[in-house]
Every structure is written in structure tokens, then in C-alpha cells.
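Engineer: Structure: upload.pdb, PDB, N, CA and C atoms, pLDDT in the B column.
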MODEL        1
ATOM      1  N   MET A  20     -71.531   8.356  62.255  1.00 75.00           N
ATOM      2  CA  MET A  20     -70.191   8.726  61.816  1.00 75.00           C
ATOM      3  C   MET A  20     -70.140   8.858  60.295  1.00 75.00           C
ATOM      4  N   LEU A  21     -70.861   8.003  59.608  1.00 81.00           N
ATOM      5  CA  LEU A  21     -70.881   8.062  58.156  1.00 81.00           C
ATOM      6  C   LEU A  21     -71.522   9.356  57.673  1.00 81.00           C
ATOM      7  N   SER A  22     -72.551   9.804  58.392  1.00 86.00           N
ATOM      8  CA  SER A  22     -73.205  11.054  57.984  1.00 86.00           C
ATOM      9  C   SER A  22     -72.262  12.247  58.150  1.00 86.00           C
ATOM     10  N   HIS A  23     -71.385  12.189  59.158  1.00 87.00           N
ATOM     11  CA  HIS A  23     -70.398  13.257  59.324  1.00 87.00           C
ATOM     12  C   HIS A  23     -69.432  13.288  58.149  1.00 87.00           C
ATOM     13  N   MET A  24     -69.012  12.122  57.721  1.00 89.00           N
ATOM     14  CA  MET A  24     -68.063  12.060  56.612  1.00 89.00           C
ATOM     15  C   MET A  24     -68.713  12.534  55.310  1.00 89.00           C
ATOM     16  N   VAL A  25     -69.974  12.198  55.126  1.00 93.00           N
ATOM     17  CA  VAL A  25     -70.699  12.669  53.940  1.00 93.00           C
ATOM     18  C   VAL A  25     -70.822  14.193  53.982  1.00 93.00           C
ATOM     19  N   SER A  26     -71.070  14.743  55.157  1.00 92.00           N
ATOM     20  CA  SER A  26     -71.170  16.199  55.292  1.00 92.00           C
ATOM     21  C   SER A  26     -69.837  16.878  54.990  1.00 92.00           C
ATOM     22  N   VAL A  27     -68.748  16.310  55.495  1.00 92.00           N
ATOM     23  CA  VAL A  27     -67.430  16.871  55.232  1.00 92.00           C
ATOM     24  C   VAL A  27     -67.105  16.773  53.741  1.00 92.00           C
ATOM     25  N   LEU A  28     -67.449  15.662  53.133  1.00 94.00           N
ATOM     26  CA  LEU A  28     -67.237  15.530  51.682  1.00 94.00           C
ATOM     27  C   LEU A  28     -68.076  16.552  50.911  1.00 94.00           C
ATOM     28  N   GLY A  29     -69.275  16.828  51.390  1.00 94.00           N
ATOM     29  CA  GLY A  29     -70.116  17.859  50.769  1.00 94.00           C
ATOM     30  C   GLY A  29     -69.469  19.238  50.866  1.00 94.00           C
ATOM     31  N   ILE A  30     -68.898  19.544  52.021  1.00 94.00           N
ATOM     32  CA  ILE A  30     -68.202  20.821  52.195  1.00 94.00           C
ATOM     33  C   ILE A  30     -67.023  20.908  51.226  1.00 94.00           C
ATOM     34  N   LEU A  31     -66.267  19.818  51.118  1.00 95.00           N
ATOM     35  CA  LEU A  31     -65.132  19.796  50.201  1.00 95.00           C
ATOM     36  C   LEU A  31     -65.583  19.937  48.747  1.00 95.00           C
ATOM     37  N   LEU A  32     -66.699  19.324  48.414  1.00 96.00           N
ATOM     38  CA  LEU A  32     -67.228  19.424  47.059  1.00 96.00           C
ATOM     39  C   LEU A  32     -67.648  20.859  46.733  1.00 96.00           C
ATOM     40  N   VAL A  33     -68.313  21.510  47.664  1.00 96.00           N
ATOM     41  CA  VAL A  33     -68.720  22.902  47.465  1.00 96.00           C
ATOM     42  C   VAL A  33     -67.490  23.798  47.330  1.00 96.00           C
ATOM     43  N   ALA A  34     -66.466  23.545  48.151  1.00 96.00           N
ATOM     44  CA  ALA A  34     -65.234  24.333  48.056  1.00 96.00           C
ATOM     45  C   ALA A  34     -64.556  24.121  46.705  1.00 96.00           C
ATOM     46  N   ALA A  35     -64.582  22.890  46.196  1.00 96.00           N
ATOM     47  CA  ALA A  35     -63.987  22.615  44.891  1.00 96.00           C
ATOM     48  C   ALA A  35     -64.737  23.344  43.784  1.00 96.00           C
ATOM     49  N   VAL A  36     -66.056  23.374  43.870  1.00 97.00           N
ATOM     50  CA  VAL A  36     -66.854  24.088  42.861  1.00 97.00           C
ATOM     51  C   VAL A  36     -66.558  25.584  42.913  1.00 97.00           C
ATOM     52  N   ILE A  37     -66.453  26.126  44.119  1.00 95.00           N
ATOM     53  CA  ILE A  37     -66.124  27.543  44.265  1.00 95.00           C
ATOM     54  C   ILE A  37     -64.751  27.829  43.648  1.00 95.00           C
ATOM     55  N   CYS A  38     -63.795  26.941  43.888  1.00 94.00           N
ATOM     56  CA  CYS A  38     -62.458  27.109  43.296  1.00 94.00           C
ATOM     57  C   CYS A  38     -62.519  27.059  41.776  1.00 94.00           C
ATOM     58  N   LEU A  39     -63.278  26.129  41.248  1.00 95.00           N
ATOM     59  CA  LEU A  39     -63.380  26.019  39.788  1.00 95.00           C
ATOM     60  C   LEU A  39     -64.003  27.262  39.159  1.00 95.00           C
ATOM     61  N   LEU A  40     -64.862  27.945  39.906  1.00 95.00           N
ATOM     62  CA  LEU A  40     -65.498  29.148  39.383  1.00 95.00           C
ATOM     63  C   LEU A  40     -64.628  30.391  39.538  1.00 95.00           C
ATOM     64  N   GLU A  41     -63.893  30.492  40.627  1.00 94.00           N
ATOM     65  CA  GLU A  41     -63.192  31.729  40.941  1.00 94.00           C
ATOM     66  C   GLU A  41     -61.721  31.754  40.526  1.00 94.00           C
ATOM     67  N   VAL A  42     -61.020  30.650  40.705  1.00 93.00           N
ATOM     68  CA  VAL A  42     -59.570  30.640  40.473  1.00 93.00           C
ATOM     69  C   VAL A  42     -59.182  30.950  39.034  1.00 93.00           C
ATOM     70  N   PRO A  43     -59.822  30.383  38.017  1.00 94.00           N
ATOM     71  CA  PRO A  43     -59.394  30.716  36.645  1.00 94.00           C
ATOM     72  C   PRO A  43     -59.479  32.214  36.322  1.00 94.00           C
ATOM     73  N   TYR A  44     -60.523  32.866  36.803  1.00 94.00           N
ATOM     74  CA  TYR A  44     -60.658  34.307  36.564  1.00 94.00           C
ATOM     75  C   TYR A  44     -59.507  35.073  37.215  1.00 94.00           C
ATOM     76  N   MET A  45     -59.223  34.743  38.486  1.00 93.00           N
ATOM     77  CA  MET A  45     -58.147  35.433  39.183  1.00 93.00           C
ATOM     78  C   MET A  45     -56.792  35.141  38.549  1.00 93.00           C
ATOM     79  N   TRP A  46     -56.612  33.924  38.094  1.00 93.00           N
ATOM     80  CA  TRP A  46     -55.351  33.544  37.463  1.00 93.00           C
ATOM     81  C   TRP A  46     -55.168  34.294  36.140  1.00 93.00           C
ATOM     82  N   LYS A  47     -56.248  34.389  35.359  1.00 94.00           N
ATOM     83  CA  LYS A  47     -56.195  35.052  34.054  1.00 94.00           C
ATOM     84  C   LYS A  47     -55.931  36.553  34.203  1.00 94.00           C
ATOM     85  N   LYS A  48     -56.518  37.165  35.233  1.00 93.00           N
ATOM     86  CA  LYS A  48     -56.347  38.598  35.460  1.00 93.00           C
ATOM     87  C   LYS A  48     -55.077  38.911  36.263  1.00 93.00           C
ATOM     88  N   ALA A  49     -54.290  37.892  36.595  1.00 92.00           N
ATOM     89  CA  ALA A  49     -53.044  38.036  37.365  1.00 92.00           C
ATOM     90  C   ALA A  49     -53.279  38.692  38.725  1.00 92.00           C
ATOM     91  N   LEU A  50     -54.322  38.282  39.388  1.00 91.00           N
ATOM     92  CA  LEU A  50     -54.646  38.785  40.727  1.00 91.00           C
ATOM     93  C   LEU A  50     -54.019  37.857  41.771  1.00 91.00           C
ATOM     94  N   LYS A  51     -52.708  37.908  41.892  1.00 93.00           N
ATOM     95  CA  LYS A  51     -51.975  36.967  42.752  1.00 93.00           C
ATOM     96  C   LYS A  51     -52.296  37.172  44.230  1.00 93.00           C
ATOM     97  N   LYS A  52     -52.286  38.419  44.690  1.00 94.00           N
ATOM     98  CA  LYS A  52     -52.571  38.675  46.109  1.00 94.00           C
ATOM     99  C   LYS A  52     -53.989  38.255  46.465  1.00 94.00           C
ATOM    100  N   GLU A  53     -54.925  38.563  45.589  1.00 94.00           N
ATOM    101  CA  GLU A  53     -56.315  38.185  45.828  1.00 94.00           C
ATOM    102  C   GLU A  53     -56.480  36.670  45.830  1.00 94.00           C
ATOM    103  N   LEU A  54     -55.726  35.996  44.976  1.00 95.00           N
ATOM    104  CA  LEU A  54     -55.780  34.536  44.919  1.00 95.00           C
ATOM    105  C   LEU A  54     -55.244  33.919  46.205  1.00 95.00           C
ATOM    106  N   TRP A  55     -54.167  34.482  46.732  1.00 96.00           N
ATOM    107  CA  TRP A  55     -53.642  33.993  48.012  1.00 96.00           C
ATOM    108  C   TRP A  55     -54.651  34.208  49.137  1.00 96.00           C
ATOM    109  N   LEU A  56     -55.217  35.398  49.203  1.00 96.00           N
ATOM    110  CA  LEU A  56     -56.199  35.693  50.244  1.00 96.00           C
ATOM    111  C   LEU A  56     -57.428  34.801  50.105  1.00 96.00           C
ATOM    112  N   PHE A  57     -57.906  34.628  48.880  1.00 96.00           N
ATOM    113  CA  PHE A  57     -59.042  33.754  48.614  1.00 96.00           C
ATOM    114  C   PHE A  57     -58.745  32.331  49.096  1.00 96.00           C
ATOM    115  N   SER A  58     -57.553  31.836  48.780  1.00 96.00           N
ATOM    116  CA  SER A  58     -57.182  30.473  49.156  1.00 96.00           C
ATOM    117  C   SER A  58     -57.113  30.306  50.667  1.00 96.00           C
ATOM    118  N   ILE A  59     -56.502  31.267  51.333  1.00 97.00           N
ATOM    119  CA  ILE A  59     -56.383  31.191  52.791  1.00 97.00           C
ATOM    120  C   ILE A  59     -57.755  31.231  53.451  1.00 97.00           C
ATOM    121  N   LEU A  60     -58.606  32.158  53.012  1.00 97.00           N
ATOM    122  CA  LEU A  60     -59.938  32.272  53.611  1.00 97.00           C
ATOM    123  C   LEU A  60     -60.802  31.048  53.310  1.00 97.00           C
ATOM    124  N   LEU A  61     -60.682  30.493  52.090  1.00 96.00           N
ATOM    125  CA  LEU A  61     -61.454  29.300  51.755  1.00 96.00           C
ATOM    126  C   LEU A  61     -60.991  28.115  52.595  1.00 96.00           C
ATOM    127  N   LEU A  62     -59.678  27.952  52.755  1.00 96.00           N
ATOM    128  CA  LEU A  62     -59.167  26.864  53.597  1.00 96.00           C
ATOM    129  C   LEU A  62     -59.595  27.033  55.050  1.00 96.00           C
ATOM    130  N   LEU A  63     -59.562  28.262  55.532  1.00 95.00           N
ATOM    131  CA  LEU A  63     -60.004  28.531  56.897  1.00 95.00           C
ATOM    132  C   LEU A  63     -61.488  28.196  57.061  1.00 95.00           C
ATOM    133  N   GLY A  64     -62.295  28.601  56.095  1.00 94.00           N
ATOM    134  CA  GLY A  64     -63.727  28.307  56.155  1.00 94.00           C
ATOM    135  C   GLY A  64     -64.024  26.823  56.073  1.00 94.00           C
ATOM    136  N   VAL A  65     -63.321  26.116  55.188  1.00 96.00           N
ATOM    137  CA  VAL A  65     -63.517  24.666  55.070  1.00 96.00           C
ATOM    138  C   VAL A  65     -63.089  23.979  56.370  1.00 96.00           C
ATOM    139  N   GLY A  66     -61.978  24.421  56.924  1.00 93.00           N
ATOM    140  CA  GLY A  66     -61.500  23.822  58.177  1.00 93.00           C
ATOM    141  C   GLY A  66     -62.464  24.021  59.328  1.00 93.00           C
ATOM    142  N   ILE A  67     -62.928  25.246  59.511  1.00 91.00           N
ATOM    143  CA  ILE A  67     -63.860  25.536  60.603  1.00 91.00           C
ATOM    144  C   ILE A  67     -65.189  24.814  60.394  1.00 91.00           C
ATOM    145  N   SER A  68     -65.667  24.772  59.158  1.00 93.00           N
ATOM    146  CA  SER A  68     -66.923  24.069  58.878  1.00 93.00           C
ATOM    147  C   SER A  68     -66.792  22.573  59.142  1.00 93.00           C
ATOM    148  N   SER A  69     -65.671  22.005  58.756  1.00 92.00           N
ATOM    149  CA  SER A  69     -65.453  20.565  58.981  1.00 92.00           C
ATOM    150  C   SER A  69     -65.369  20.251  60.463  1.00 92.00           C
ATOM    151  N   VAL A  70     -64.670  21.095  61.214  1.00 91.00           N
ATOM    152  CA  VAL A  70     -64.564  20.889  62.663  1.00 91.00           C
ATOM    153  C   VAL A  70     -65.935  21.012  63.314  1.00 91.00           C
ATOM    154  N   LYS A  71     -66.724  21.961  62.851  1.00 90.00           N
ATOM    155  CA  LYS A  71     -68.076  22.150  63.398  1.00 90.00           C
ATOM    156  C   LYS A  71     -68.962  20.931  63.112  1.00 90.00           C
ATOM    157  N   ILE A  72     -68.863  20.379  61.899  1.00 91.00           N
ATOM    158  CA  ILE A  72     -69.649  19.188  61.539  1.00 91.00           C
ATOM    159  C   ILE A  72     -69.240  18.001  62.405  1.00 91.00           C
ATOM    160  N   LEU A  73     -67.937  17.867  62.679  1.00 89.00           N
ATOM    161  CA  LEU A  73     -67.451  16.738  63.471  1.00 89.00           C
ATOM    162  C   LEU A  73     -67.663  16.939  64.970  1.00 89.00           C
ATOM    163  N   ALA A  74     -68.235  18.073  65.360  1.00 85.00           N
ATOM    164  CA  ALA A  74     -68.600  18.392  66.748  1.00 85.00           C
ATOM    165  C   ALA A  74     -67.380  18.457  67.665  1.00 85.00           C
ATOM    166  N   TRP A  75     -66.257  18.931  67.143  1.00 85.00           N
ATOM    167  CA  TRP A  75     -65.093  19.185  67.990  1.00 85.00           C
ATOM    168  C   TRP A  75     -65.250  20.568  68.593  1.00 85.00           C
ATOM    169  N   THR A  76     -64.629  20.783  69.734  1.00 84.00           N
ATOM    170  CA  THR A  76     -64.712  22.100  70.349  1.00 84.00           C
ATOM    171  C   THR A  76     -63.694  23.027  69.698  1.00 84.00           C
ATOM    172  N   VAL A  77     -64.147  24.217  69.381  1.00 80.00           N
ATOM    173  CA  VAL A  77     -63.295  25.225  68.760  1.00 80.00           C
ATOM    174  C   VAL A  77     -63.162  26.375  69.750  1.00 80.00           C
ATOM    175  N   PRO A  78     -61.927  26.713  70.156  1.00 83.00           N
ATOM    176  CA  PRO A  78     -61.779  27.823  71.105  1.00 83.00           C
ATOM    177  C   PRO A  78     -62.153  29.150  70.455  1.00 83.00           C
ATOM    178  N   THR A  79     -62.790  29.984  71.239  1.00 87.00           N
ATOM    179  CA  THR A  79     -63.174  31.304  70.759  1.00 87.00           C
ATOM    180  C   THR A  79     -62.091  32.314  71.148  1.00 87.00           C
ATOM    181  N   PRO A  80     -62.096  33.493  70.562  1.00 89.00           N
ATOM    182  CA  PRO A  80     -61.126  34.511  70.977  1.00 89.00           C
ATOM    183  C   PRO A  80     -61.226  34.846  72.466  1.00 89.00           C
ATOM    184  N   LEU A  81     -62.428  34.749  73.027  1.00 93.00           N
ATOM    185  CA  LEU A  81     -62.590  35.022  74.456  1.00 93.00           C
ATOM    186  C   LEU A  81     -61.819  34.007  75.299  1.00 93.00           C
ATOM    187  N   ASP A  82     -61.726  32.758  74.853  1.00 92.00           N
ATOM    188  CA  ASP A  82     -60.937  31.759  75.571  1.00 92.00           C
ATOM    189  C   ASP A  82     -59.469  32.159  75.624  1.00 92.00           C
ATOM    190  N   TRP A  83     -58.937  32.685  74.534  1.00 91.00           N
ATOM    191  CA  TRP A  83     -57.533  33.113  74.505  1.00 91.00           C
ATOM    192  C   TRP A  83     -57.319  34.312  75.424  1.00 91.00           C
ATOM    193  N   ILE A  84     -58.256  35.253  75.437  1.00 94.00           N
ATOM    194  CA  ILE A  84     -58.137  36.423  76.310  1.00 94.00           C
ATOM    195  C   ILE A  84     -58.176  35.981  77.768  1.00 94.00           C
ATOM    196  N   THR A  85     -59.037  35.032  78.095  1.00 93.00           N
ATOM    197  CA  THR A  85     -59.127  34.516  79.455  1.00 93.00           C
ATOM    198  C   THR A  85     -57.815  33.874  79.880  1.00 93.00           C
ATOM    199  N   VAL A  86     -57.206  33.106  78.999  1.00 93.00           N
ATOM    200  CA  VAL A  86     -55.927  32.459  79.319  1.00 93.00           C
ATOM    201  C   VAL A  86     -54.855  33.504  79.603  1.00 93.00           C
ATOM    202  N   ILE A  87     -54.856  34.583  78.840  1.00 94.00           N
ATOM    203  CA  ILE A  87     -53.831  35.617  79.011  1.00 94.00           C
ATOM    204  C   ILE A  87     -54.030  36.393  80.309  1.00 94.00           C
ATOM    205  N   TYR A  88     -55.262  36.773  80.629  1.00 94.00           N
ATOM    206  CA  TYR A  88     -55.514  37.642  81.779  1.00 94.00           C
ATOM    207  C   TYR A  88     -55.791  36.900  83.083  1.00 94.00           C
ATOM    208  N   LYS A  89     -55.953  35.593  83.069  1.00 94.00           N
ATOM    209  CA  LYS A  89     -56.263  34.838  84.289  1.00 94.00           C
ATOM    210  C   LYS A  89     -55.180  34.980  85.359  1.00 94.00           C
ATOM    211  N   PRO A  90     -53.883  34.857  85.041  1.00 94.00           N
ATOM    212  CA  PRO A  90     -52.873  35.033  86.095  1.00 94.00           C
ATOM    213  C   PRO A  90     -52.901  36.429  86.727  1.00 94.00           C
ATOM    214  N   PHE A  91     -53.125  37.447  85.926  1.00 93.00           N
ATOM    215  CA  PHE A  91     -53.209  38.809  86.455  1.00 93.00           C
ATOM    216  C   PHE A  91     -54.418  38.961  87.368  1.00 93.00           C
ATOM    217  N   SER A  92     -55.540  38.403  86.957  1.00 92.00           N
ATOM    218  CA  SER A  92     -56.746  38.442  87.780  1.00 92.00           C
ATOM    219  C   SER A  92     -56.536  37.704  89.098  1.00 92.00           C
ATOM    220  N   ASP A  93     -55.906  36.539  89.038  1.00 92.00           N
ATOM    221  CA  ASP A  93     -55.611  35.786  90.262  1.00 92.00           C
ATOM    222  C   ASP A  93     -54.706  36.581  91.201  1.00 92.00           C
ATOM    223  N   PHE A  94     -53.734  37.287  90.627  1.00 93.00           N
ATOM    224  CA  PHE A  94     -52.832  38.121  91.429  1.00 93.00           C
ATOM    225  C   PHE A  94     -53.604  39.234  92.128  1.00 93.00           C
ATOM    226  N   LEU A  95     -54.509  39.897  91.401  1.00 92.00           N
ATOM    227  CA  LEU A  95     -55.291  40.974  92.000  1.00 92.00           C
ATOM    228  C   LEU A  95     -56.206  40.453  93.101  1.00 92.00           C
ATOM    229  N   ILE A  96     -56.738  39.258  92.926  1.00 92.00           N
ATOM    230  CA  ILE A  96     -57.557  38.644  93.980  1.00 92.00           C
ATOM    231  C   ILE A  96     -56.685  38.316  95.187  1.00 92.00           C
ATOM    232  N   HIS A  97     -55.489  37.814  94.946  1.00 93.00           N
ATOM    233  CA  HIS A  97     -54.574  37.423  96.029  1.00 93.00           C
ATOM    234  C   HIS A  97     -54.175  38.623  96.884  1.00 93.00           C
ATOM    235  N   ILE A  98     -53.908  39.768  96.261  1.00 93.00           N
ATOM    236  CA  ILE A  98     -53.500  40.931  97.044  1.00 93.00           C
ATOM    237  C   ILE A  98     -54.683  41.724  97.587  1.00 93.00           C
ATOM    238  N   GLY A  99     -55.893  41.318  97.245  1.00 89.00           N
ATOM    239  CA  GLY A  99     -57.075  41.914  97.829  1.00 89.00           C
ATOM    240  C   GLY A  99     -57.660  43.115  97.116  1.00 89.00           C
ATOM    241  N   LEU A 100     -57.229  43.395  95.898  1.00 88.00           N
ATOM    242  CA  LEU A 100     -57.789  44.535  95.181  1.00 88.00           C
ATOM    243  C   LEU A 100     -59.166  44.245  94.601  1.00 88.00           C
ATOM    244  N   ILE A 101     -59.435  43.001  94.261  1.00 87.00           N
ATOM    245  CA  ILE A 101     -60.751  42.601  93.774  1.00 87.00           C
ATOM    246  C   ILE A 101     -61.202  41.348  94.531  1.00 87.00           C
ATOM    247  N   LYS A 102     -62.490  41.146  94.537  1.00 79.00           N
ATOM    248  CA  LYS A 102     -63.028  39.968  95.242  1.00 79.00           C
ATOM    249  C   LYS A 102     -63.421  38.908  94.283  1.00 79.00           C
TER     250      LYS A 102
ENDMDL
END
I need this file expressed as C-alpha cells, please.

Structural biologist:
Amino acid sequence: MLSHMVSVLGILLVAAVICLLEVPYMWKKALKKELWLFSILLLLGVGISSVKILAWTVPTPLDWITVIYKPFSDFLIHIGLIK
């Protein structure tokens, strides 16, 4: 468990270094939209990486598609159109 926490702290440290390198430039050049996008993508990447290190299950887009189409598929099986 301690090694997981060290790994997550490492991810956070790398993200902080990336922020220290990129944010001042974007702020100075008044790249507000790019800064927002950068922040969102960095947070998303840190979140997914941390979840992966902690070995939690992350649903894939295919899982969401399956949830949406499963009732329709069950209906088609029930009425005999597919086996």
C-alpha cells in the first residue's frame, strides 16, 4: 500500500513540474482557452494514472455502450429476431 502512495505522489510531482514549466508561458501569452484545456487534460491524466496505480477498475467506453444497448438486445432476443 505504501508503494502505491509513493507512486501516486510521484505522479503528482511530475504533474506539478509540468505545470511549473507550462503555465507561466501560457499565462504570460494570455492563452486562457489553452490554459483551461491544458488544466482539464492534465487533471484527467493524473486522475486516470492514479486510479490505474491503485488498481481500481475503470469502465471503458465499450462498457457504456453495452449498458445502453443491452435492453434493446434483450428485446430482440425476446421477440425472436436474434438468437

Engineer: Calculate how many Å separate atom CA of A:Leu61 from atom C of A:Ile84, rounding to one decimal.

Structural biologist: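 Calculated distance between atom CA of A:Leu61 and atom C of A:Ile84 is 27.1 Å.
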
Engineer: Enumerate the residues of chain A with a DSSP assignment of helix (DSSP H, G or I), computed from the backbone, and present them as JSON, numbers by chain.

Structural biologist: {"A": [21, 22, 23, 24, 25, 26, 27, 28, 29, 30, 31, 32, 33, 34, 35, 36, 37, 38, 39, 40, 41, 42, 43, 44, 45, 46, 47, 51, 52, 53, 54, 55, 56, 57, 58, 59, 60, 61, 62, 63, 64, 65, 66, 67, 68, 69, 70, 71, 72, 80, 81, 82, 83, 84, 85, 86, 87, 88, 89, 90, 91, 92, 93, 94, 95, 96, 97, 98]}

Engineer: Once the PyMOL selection byres (((chain A and resi 30-43 and name CA) around 8) and name CA) has been applied to the shown file, what residues remain in the selection, as a PyMOL selection string?

Structural biologist: chain A and resi 26-29+44-47+54+61+65+68-69

Engineer: Separation of atom C of A:Leu73 and atom CA of A:Leu21, in Å?

Structural biologist: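 Between these atoms lies a distance of 11.6 Å.
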
Engineer: Just how far from atom CA of A:Gly66 is atom C of A:Lys48, in Å to one decimal?

Structural biologist: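 Result for atom C of A:Lys48 versus atom CA of A:Gly66: 27.4 Å, one decimal.
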